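Colleague: Data file coords.cif (mmCIF, C-alpha atoms, pLDDT in the B column; chains and numbers go by the auth columns) is appended below.
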```
data_target
#
loop_
_atom_site.group_PDB
_atom_site.id
_atom_site.type_symbol
_atom_site.label_atom_id
_atom_site.label_comp_id
_atom_site.label_asym_id
_atom_site.label_seq_id
_atom_site.Cartn_x
_atom_site.Cartn_y
_atom_site.Cartn_z
_atom_site.B_iso_or_equiv
_atom_site.auth_seq_id
_atom_site.auth_asym_id
ATOM 1 C CA MET A 1 0.000 0.000 0.000 95.00 255 T
ATOM 2 C CA VAL A 2 1.034 3.577 -0.708 96.00 256 T
ATOM 3 C CA SER A 3 -0.062 6.507 1.446 97.00 257 T
ATOM 4 C CA VAL A 4 -1.172 9.406 -0.715 98.00 258 T
ATOM 5 C CA SER A 5 -2.102 12.894 0.481 98.00 259 T
ATOM 6 C CA PHE A 6 -3.144 15.742 -1.742 98.00 260 T
ATOM 7 C CA THR A 7 -5.603 18.597 -1.971 98.00 261 T
ATOM 8 C CA VAL A 8 -8.773 17.833 -3.916 98.00 262 T
ATOM 9 C CA ASN A 9 -11.081 20.718 -4.726 98.00 263 T
ATOM 10 C CA GLY A 10 -9.548 22.748 -1.904 97.00 264 T
ATOM 11 C CA GLU A 11 -9.771 19.997 0.715 97.00 265 T
ATOM 12 C CA LYS A 12 -6.839 17.978 2.062 98.00 266 T
ATOM 13 C CA ARG A 13 -7.481 14.282 1.465 97.00 267 T
ATOM 14 C CA SER A 14 -5.418 11.173 2.080 97.00 268 T
ATOM 15 C CA ALA A 15 -5.738 7.415 1.749 97.00 269 T
ATOM 16 C CA SER A 16 -3.683 4.264 1.403 97.00 270 T
ATOM 17 C CA VAL A 17 -4.057 2.528 -1.945 98.00 271 T
ATOM 18 C CA PRO A 18 -2.253 -0.205 -3.878 97.00 272 T
ATOM 19 C CA PRO A 19 0.697 1.281 -5.803 97.00 273 T
ATOM 20 C CA GLU A 20 -0.897 0.549 -9.192 98.00 274 T
ATOM 21 C CA THR A 21 -4.002 2.641 -8.380 98.00 275 T
ATOM 22 C CA THR A 22 -4.630 5.426 -10.875 98.00 276 T
ATOM 23 C CA LEU A 23 -5.646 8.906 -9.830 98.00 277 T
ATOM 24 C CA LEU A 24 -8.976 8.307 -11.572 98.00 278 T
ATOM 25 C CA LYS A 25 -9.667 5.168 -9.559 98.00 279 T
ATOM 26 C CA MET A 26 -8.720 6.893 -6.316 98.00 280 T
ATOM 27 C CA LEU A 27 -10.947 9.894 -7.063 98.00 281 T
ATOM 28 C CA ARG A 28 -13.917 7.732 -8.007 98.00 282 T
ATOM 29 C CA GLU A 29 -13.652 4.794 -5.622 97.00 283 T
ATOM 30 C CA THR A 30 -11.900 6.212 -2.574 97.00 284 T
ATOM 31 C CA PHE A 31 -13.195 9.796 -2.532 98.00 285 T
ATOM 32 C CA ASN A 32 -16.530 9.192 -4.348 98.00 286 T
ATOM 33 C CA LEU A 33 -15.807 11.973 -6.854 98.00 287 T
ATOM 34 C CA THR A 34 -17.423 10.403 -9.896 97.00 288 T
ATOM 35 C CA GLY A 35 -17.444 13.354 -12.295 97.00 289 T
ATOM 36 C CA ALA A 36 -14.297 12.186 -14.085 98.00 290 T
ATOM 37 C CA LYS A 37 -15.288 9.137 -16.102 97.00 291 T
ATOM 38 C CA LEU A 38 -13.499 5.973 -17.157 97.00 292 T
ATOM 39 C CA GLY A 39 -13.780 5.926 -20.929 95.00 293 T
ATOM 40 C CA CYS A 40 -10.951 4.459 -22.953 95.00 294 T
ATOM 41 C CA ASP A 41 -8.490 3.882 -20.063 95.00 295 T
ATOM 42 C CA VAL A 42 -5.562 4.763 -22.373 96.00 296 T
ATOM 43 C CA GLY A 43 -5.669 8.567 -22.398 94.00 297 T
ATOM 44 C CA ASP A 44 -7.383 9.031 -25.760 95.00 298 T
ATOM 45 C CA CYS A 45 -10.938 10.120 -24.911 97.00 299 T
ATOM 46 C CA GLY A 46 -10.542 12.843 -22.265 97.00 300 T
ATOM 47 C CA ALA A 47 -13.482 11.638 -20.151 97.00 301 T
ATOM 48 C CA CYS A 48 -11.187 11.439 -17.111 98.00 302 T
ATOM 49 C CA THR A 49 -9.674 14.921 -17.479 98.00 303 T
ATOM 50 C CA VAL A 50 -8.835 16.767 -14.262 98.00 304 T
ATOM 51 C CA ILE A 51 -6.488 19.659 -13.482 98.00 305 T
ATOM 52 C CA VAL A 52 -3.379 18.930 -11.403 98.00 306 T
ATOM 53 C CA ASP A 53 -1.299 21.902 -10.296 98.00 307 T
ATOM 54 C CA GLY A 54 -2.945 23.989 -13.019 97.00 308 T
ATOM 55 C CA LYS A 55 -2.278 21.537 -15.860 97.00 309 T
ATOM 56 C CA LEU A 56 -4.658 19.169 -17.644 97.00 310 T
ATOM 57 C CA VAL A 57 -4.137 15.515 -16.802 97.00 311 T
ATOM 58 C CA ASN A 58 -5.750 12.327 -18.043 98.00 312 T
ATOM 59 C CA SER A 59 -6.336 10.860 -14.606 98.00 313 T
ATOM 60 C CA CYS A 60 -6.548 7.329 -16.036 98.00 314 T
ATOM 61 C CA LEU A 61 -2.850 7.606 -16.917 98.00 315 T
ATOM 62 C CA MET A 62 -1.577 9.167 -13.693 98.00 316 T
ATOM 63 C CA LEU A 63 -0.841 6.985 -10.699 98.00 317 T
ATOM 64 C CA ALA A 64 -2.423 8.144 -7.464 98.00 318 T
ATOM 65 C CA GLY A 65 1.028 8.239 -5.869 97.00 319 T
ATOM 66 C CA GLN A 66 2.123 10.817 -8.457 98.00 320 T
ATOM 67 C CA ALA A 67 -0.505 13.194 -7.084 98.00 321 T
ATOM 68 C CA ASP A 68 1.002 13.106 -3.594 98.00 322 T
ATOM 69 C CA GLY A 69 1.425 16.650 -2.283 98.00 323 T
ATOM 70 C CA ARG A 70 -0.262 18.203 -5.296 98.00 324 T
ATOM 71 C CA ASP A 71 -3.422 20.188 -5.940 98.00 325 T
ATOM 72 C CA VAL A 72 -6.172 18.387 -7.883 98.00 326 T
ATOM 73 C CA LEU A 73 -9.280 20.064 -9.283 98.00 327 T
ATOM 74 C CA THR A 74 -12.181 17.955 -10.520 98.00 328 T
ATOM 75 C CA ILE A 75 -15.513 18.987 -12.032 98.00 329 T
ATOM 76 C CA GLU A 76 -17.030 18.736 -8.544 97.00 330 T
ATOM 77 C CA GLY A 77 -14.741 21.566 -7.432 97.00 331 T
ATOM 78 C CA LEU A 78 -16.074 24.089 -9.940 96.00 332 T
ATOM 79 C CA ALA A 79 -19.641 24.669 -8.780 93.00 333 T
ATOM 80 C CA THR A 80 -21.065 25.425 -5.372 90.00 334 T
ATOM 81 C CA SER A 81 -24.249 23.864 -4.053 88.00 335 T
ATOM 82 C CA ASP A 82 -26.270 26.854 -5.269 93.00 336 T
ATOM 83 C CA ARG A 83 -24.335 28.167 -8.272 94.00 337 T
ATOM 84 C CA LEU A 84 -22.804 26.691 -11.401 95.00 338 T
ATOM 85 C CA HIS A 85 -19.336 27.780 -12.497 95.00 339 T
ATOM 86 C CA PRO A 86 -19.665 30.271 -15.400 95.00 340 T
ATOM 87 C CA ILE A 87 -18.321 27.687 -17.858 96.00 341 T
ATOM 88 C CA GLN A 88 -20.902 25.142 -16.711 96.00 342 T
ATOM 89 C CA LYS A 89 -23.636 27.782 -16.980 96.00 343 T
ATOM 90 C CA ALA A 90 -22.543 28.722 -20.510 96.00 344 T
ATOM 91 C CA PHE A 91 -22.580 25.049 -21.542 96.00 345 T
ATOM 92 C CA GLU A 92 -26.077 24.722 -20.089 95.00 346 T
ATOM 93 C CA ASP A 93 -27.329 27.931 -21.723 95.00 347 T
ATOM 94 C CA LYS A 94 -25.988 26.936 -25.152 95.00 348 T
ATOM 95 C CA GLY A 95 -27.202 23.315 -24.898 95.00 349 T
ATOM 96 C CA SER A 96 -23.611 22.202 -25.489 95.00 350 T
ATOM 97 C CA LEU A 97 -23.942 18.685 -24.109 94.00 351 T
ATOM 98 C CA GLN A 98 -26.275 15.856 -24.982 92.00 352 T
ATOM 99 C CA CYS A 99 -25.617 12.627 -23.074 91.00 353 T
ATOM 100 C CA GLY A 100 -23.153 14.396 -20.774 90.00 354 T
ATOM 101 C CA PHE A 101 -20.562 11.618 -20.502 94.00 355 T
ATOM 102 C CA CYS A 102 -17.794 13.751 -22.010 95.00 356 T
ATOM 103 C CA GLY A 103 -19.021 16.920 -20.300 96.00 357 T
ATOM 104 C CA PRO A 104 -16.827 16.977 -17.197 97.00 358 T
ATOM 105 C CA GLY A 105 -13.659 16.417 -19.223 97.00 359 T
ATOM 106 C CA VAL A 106 -14.618 18.989 -21.849 98.00 360 T
ATOM 107 C CA ILE A 107 -15.495 21.570 -19.196 98.00 361 T
ATOM 108 C CA MET A 108 -12.200 20.978 -17.387 98.00 362 T
ATOM 109 C CA SER A 109 -10.355 21.381 -20.697 98.00 363 T
ATOM 110 C CA ALA A 110 -12.253 24.627 -21.319 98.00 364 T
ATOM 111 C CA LYS A 111 -11.351 25.871 -17.836 97.00 365 T
ATOM 112 C CA ALA A 112 -7.668 25.127 -18.342 98.00 366 T
ATOM 113 C CA LEU A 113 -7.755 26.907 -21.700 97.00 367 T
ATOM 114 C CA LEU A 114 -9.487 29.998 -20.321 97.00 368 T
ATOM 115 C CA ASP A 115 -7.159 30.103 -17.310 96.00 369 T
ATOM 116 C CA GLU A 116 -4.202 30.293 -19.703 96.00 370 T
ATOM 117 C CA ASN A 117 -5.833 32.278 -22.492 96.00 371 T
ATOM 118 C CA PRO A 118 -8.943 34.269 -21.536 96.00 372 T
ATOM 119 C CA ASN A 119 -9.646 35.239 -25.153 95.00 373 T
ATOM 120 C CA PRO A 120 -8.941 32.197 -27.351 97.00 374 T
ATOM 121 C CA SER A 121 -9.605 32.066 -31.071 96.00 375 T
ATOM 122 C CA VAL A 122 -11.794 29.320 -32.537 97.00 376 T
ATOM 123 C CA PRO A 123 -8.725 27.356 -33.701 97.00 377 T
ATOM 124 C CA GLU A 124 -7.261 27.623 -30.184 98.00 378 T
ATOM 125 C CA ILE A 125 -10.533 26.372 -28.690 98.00 379 T
ATOM 126 C CA ARG A 126 -10.635 23.465 -31.151 97.00 380 T
ATOM 127 C CA ASP A 127 -7.041 22.647 -30.269 97.00 381 T
ATOM 128 C CA ALA A 128 -7.840 22.721 -26.538 97.00 382 T
ATOM 129 C CA LEU A 129 -10.768 20.333 -27.037 97.00 383 T
ATOM 130 C CA ALA A 130 -8.829 17.976 -29.316 96.00 384 T
ATOM 131 C CA GLY A 131 -8.161 15.570 -26.434 95.00 385 T
ATOM 132 C CA ASN A 132 -11.867 15.184 -25.661 97.00 386 T
ATOM 133 C CA LEU A 133 -13.998 12.842 -27.729 96.00 387 T
ATOM 134 C CA CYS A 134 -17.735 13.396 -27.973 94.00 388 T
ATOM 135 C CA ARG A 135 -19.991 11.075 -29.932 91.00 389 T
ATOM 136 C CA CYS A 136 -23.159 13.147 -29.508 91.00 390 T
ATOM 137 C CA THR A 137 -22.310 16.645 -30.717 89.00 391 T
ATOM 138 C CA GLY A 138 -20.424 18.347 -33.485 85.00 392 T
ATOM 139 C CA TYR A 139 -18.605 20.459 -30.878 94.00 393 T
ATOM 140 C CA SER A 140 -20.143 23.671 -32.308 95.00 394 T
ATOM 141 C CA LYS A 141 -22.214 24.462 -29.220 96.00 395 T
ATOM 142 C CA MET A 142 -19.216 23.738 -26.985 97.00 396 T
ATOM 143 C CA ILE A 143 -17.123 26.217 -28.957 97.00 397 T
ATOM 144 C CA GLU A 144 -19.950 28.782 -28.780 96.00 398 T
ATOM 145 C CA ALA A 145 -20.158 28.368 -24.999 97.00 399 T
ATOM 146 C CA ILE A 146 -16.411 28.874 -24.589 97.00 400 T
ATOM 147 C CA GLN A 147 -16.518 31.947 -26.853 96.00 401 T
ATOM 148 C CA GLU A 148 -19.391 33.328 -24.768 93.00 402 T
ATOM 149 C CA ILE A 149 -17.379 33.000 -21.575 92.00 403 T
ATOM 150 C CA ALA A 150 -14.336 34.573 -23.246 90.00 404 T
ATOM 151 C CA LYS A 151 -16.459 37.603 -24.222 83.00 405 T
ATOM 152 C CA SER A 152 -17.690 38.083 -20.663 79.00 406 T
ATOM 153 C CA VAL A 153 -14.255 38.037 -18.997 65.00 407 T
#
```
What is this file in structure tokens?

Modeller:
Amino acid sequence: MVSVSFTVNGEKRSASVPPETTLLKMLRETFNLTGAKLGCDVGDCGACTVIVDGKLVNSCLMLAGQADGRDVLTIEGLATSDRLHPIQKAFEDKGSLQCGFCGPGVIMSAKALLDENPNPSVPEIRDALAGNLCRCTGYSKMIEAIQEIAKSV
């Protein structure tokens, strides 16, 4: 077993897990943070995207032990109990998601993009979303939502 301690969504958390445990598995099964999804399990689909120390990470590819001492932000850390994060609200207003499976990863990718570049061009938005696969949409409404947020900042 490996003892792992890190900050998740602003809260210090720790647990002992087998050394082969991924960050995704620890978030979902140990901390019951199920927003990040297990999709492809090889880092291709983006369903498991979280932000670690300000950088996008496919949590299915990162071992839990690698997160020790770091700061992890998941989709659950964006909203409060009574208010959506502005990116989530824009996605809702634009009807950007259909089934929602890819949504948390796409929204985390959008957040990371806007944190780095508050006024991205459409090609920059497309590039930022390239690691997130969605089978339901054509991405147009997602891009519109991100542009809407960029205009309001």

Colleague: Going by the chain IDs and residue numbers used in this file, which residues fall under the PyMOL selection byres ((chain T and resi 404) around 10)? Write them as a list of chain:residue names.

Modeller: T:Ile341, T:Leu368, T:Asn371, T:Pro372, T:Asn373, T:Pro374, T:Ser375, T:Glu398, T:Ala399, T:Ile400, T:Gln401, T:Glu402, T:Ile403, T:Lys405, T:Ser406, T:Val407

Colleague: Taking the file as I've supplied it (selection: the PyMOL selection byres ((chain T and resi 357) around 10)), which residues are included? Please answer as a list in words.

Modeller: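 Evaluating the PyMOL selection byres ((chain T and resi 357) around 10) on these coordinates yields Gly289, Ala290, Lys291, Gly300, Ala301, Thr303, Ile329, Gln342, Phe345, Ser350, Leu351, Gln352, Cys353, Gly354, Phe355, Cys356, Pro358, Gly359, Val360, Ile361, Met362, Ser363, Asn386, Leu387, Cys388 and Met396 of chain T.
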
Colleague: The PyMOL selection byres ((chain T and resi 277-282) around 8) on the file shown: which residues, as a ChimeraX atom specification?

Modeller: /T:271,275-276,283-292,302,313-319,321

Colleague: Have a look at atom CA of Ala269 of chain T and atom CA of Gln320 of chain T and let me know their distance in Å, one decimal.

Modeller: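 So the answer is 13.3 Å.
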
Colleague: Any idea what the distance is between atom CA of Val262 of chain T and atom CA of Thr328 of chain T?

Modeller: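 According to the coordinates, atom CA of Val262 of chain T and atom CA of Thr328 of chain T are separated by 7.4 Å.
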
Colleague: Looking at T:Met255, T:Ala366, T:Ala333, T:Leu383, which one is nearest to Asp307 of chain T, with distances taken over only C-alpha atoms?

Modeller: T:Ala366

Colleague: Hey, which of T:Asp322, T:Thr334, T:Gly297, T:Ala382 ends up closest to Val256 of chain T? Count all atoms listed in the file.

Modeller: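 The closest residue to Val256 of chain T is T:Asp322.
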
Colleague: Which residue is closest to Ser257 of chain T? Choose from T:Gly323, T:Ala384, T:Val304, T:Leu332 and count all atoms listed in the file.

Modeller: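 So, comparing all the options, the nearest one is T:Gly323.
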
Colleague: What is the distance, in Å and to one decimal place, between atom CA of Asp295 of chain T and atom CA of Glu265 of chain T?

Modeller: 26.3 Å

Colleague: Box for segment 337-340 of chain T - axis-aligned, 8 Å on each of the six sides, all listed atoms - centre and size in Å to one decimal, as AutoDock Vina command-line options.

Modeller:
```
--center_x -21.8 --center_y 28.5 --center_z -11.8 --size_x 21.0 --size_y 19.6 --size_z 23.1
```

Colleague: Measuring atom to atom with all atoms listed in the file, identify which of T:Cys390, T:Val296, T:Ile379, T:Val326 is nearest to Lys266 of chain T.

Modeller: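 Smallest distance to Lys266 of chain T is found for T:Val326.
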
Colleague: Measuring between all atoms listed in the file, which one of T:Lys365, T:Asp381, T:Asn312, T:Lys343 shows the shortest distance to Gly293 of chain T?

Modeller: T:Asn312
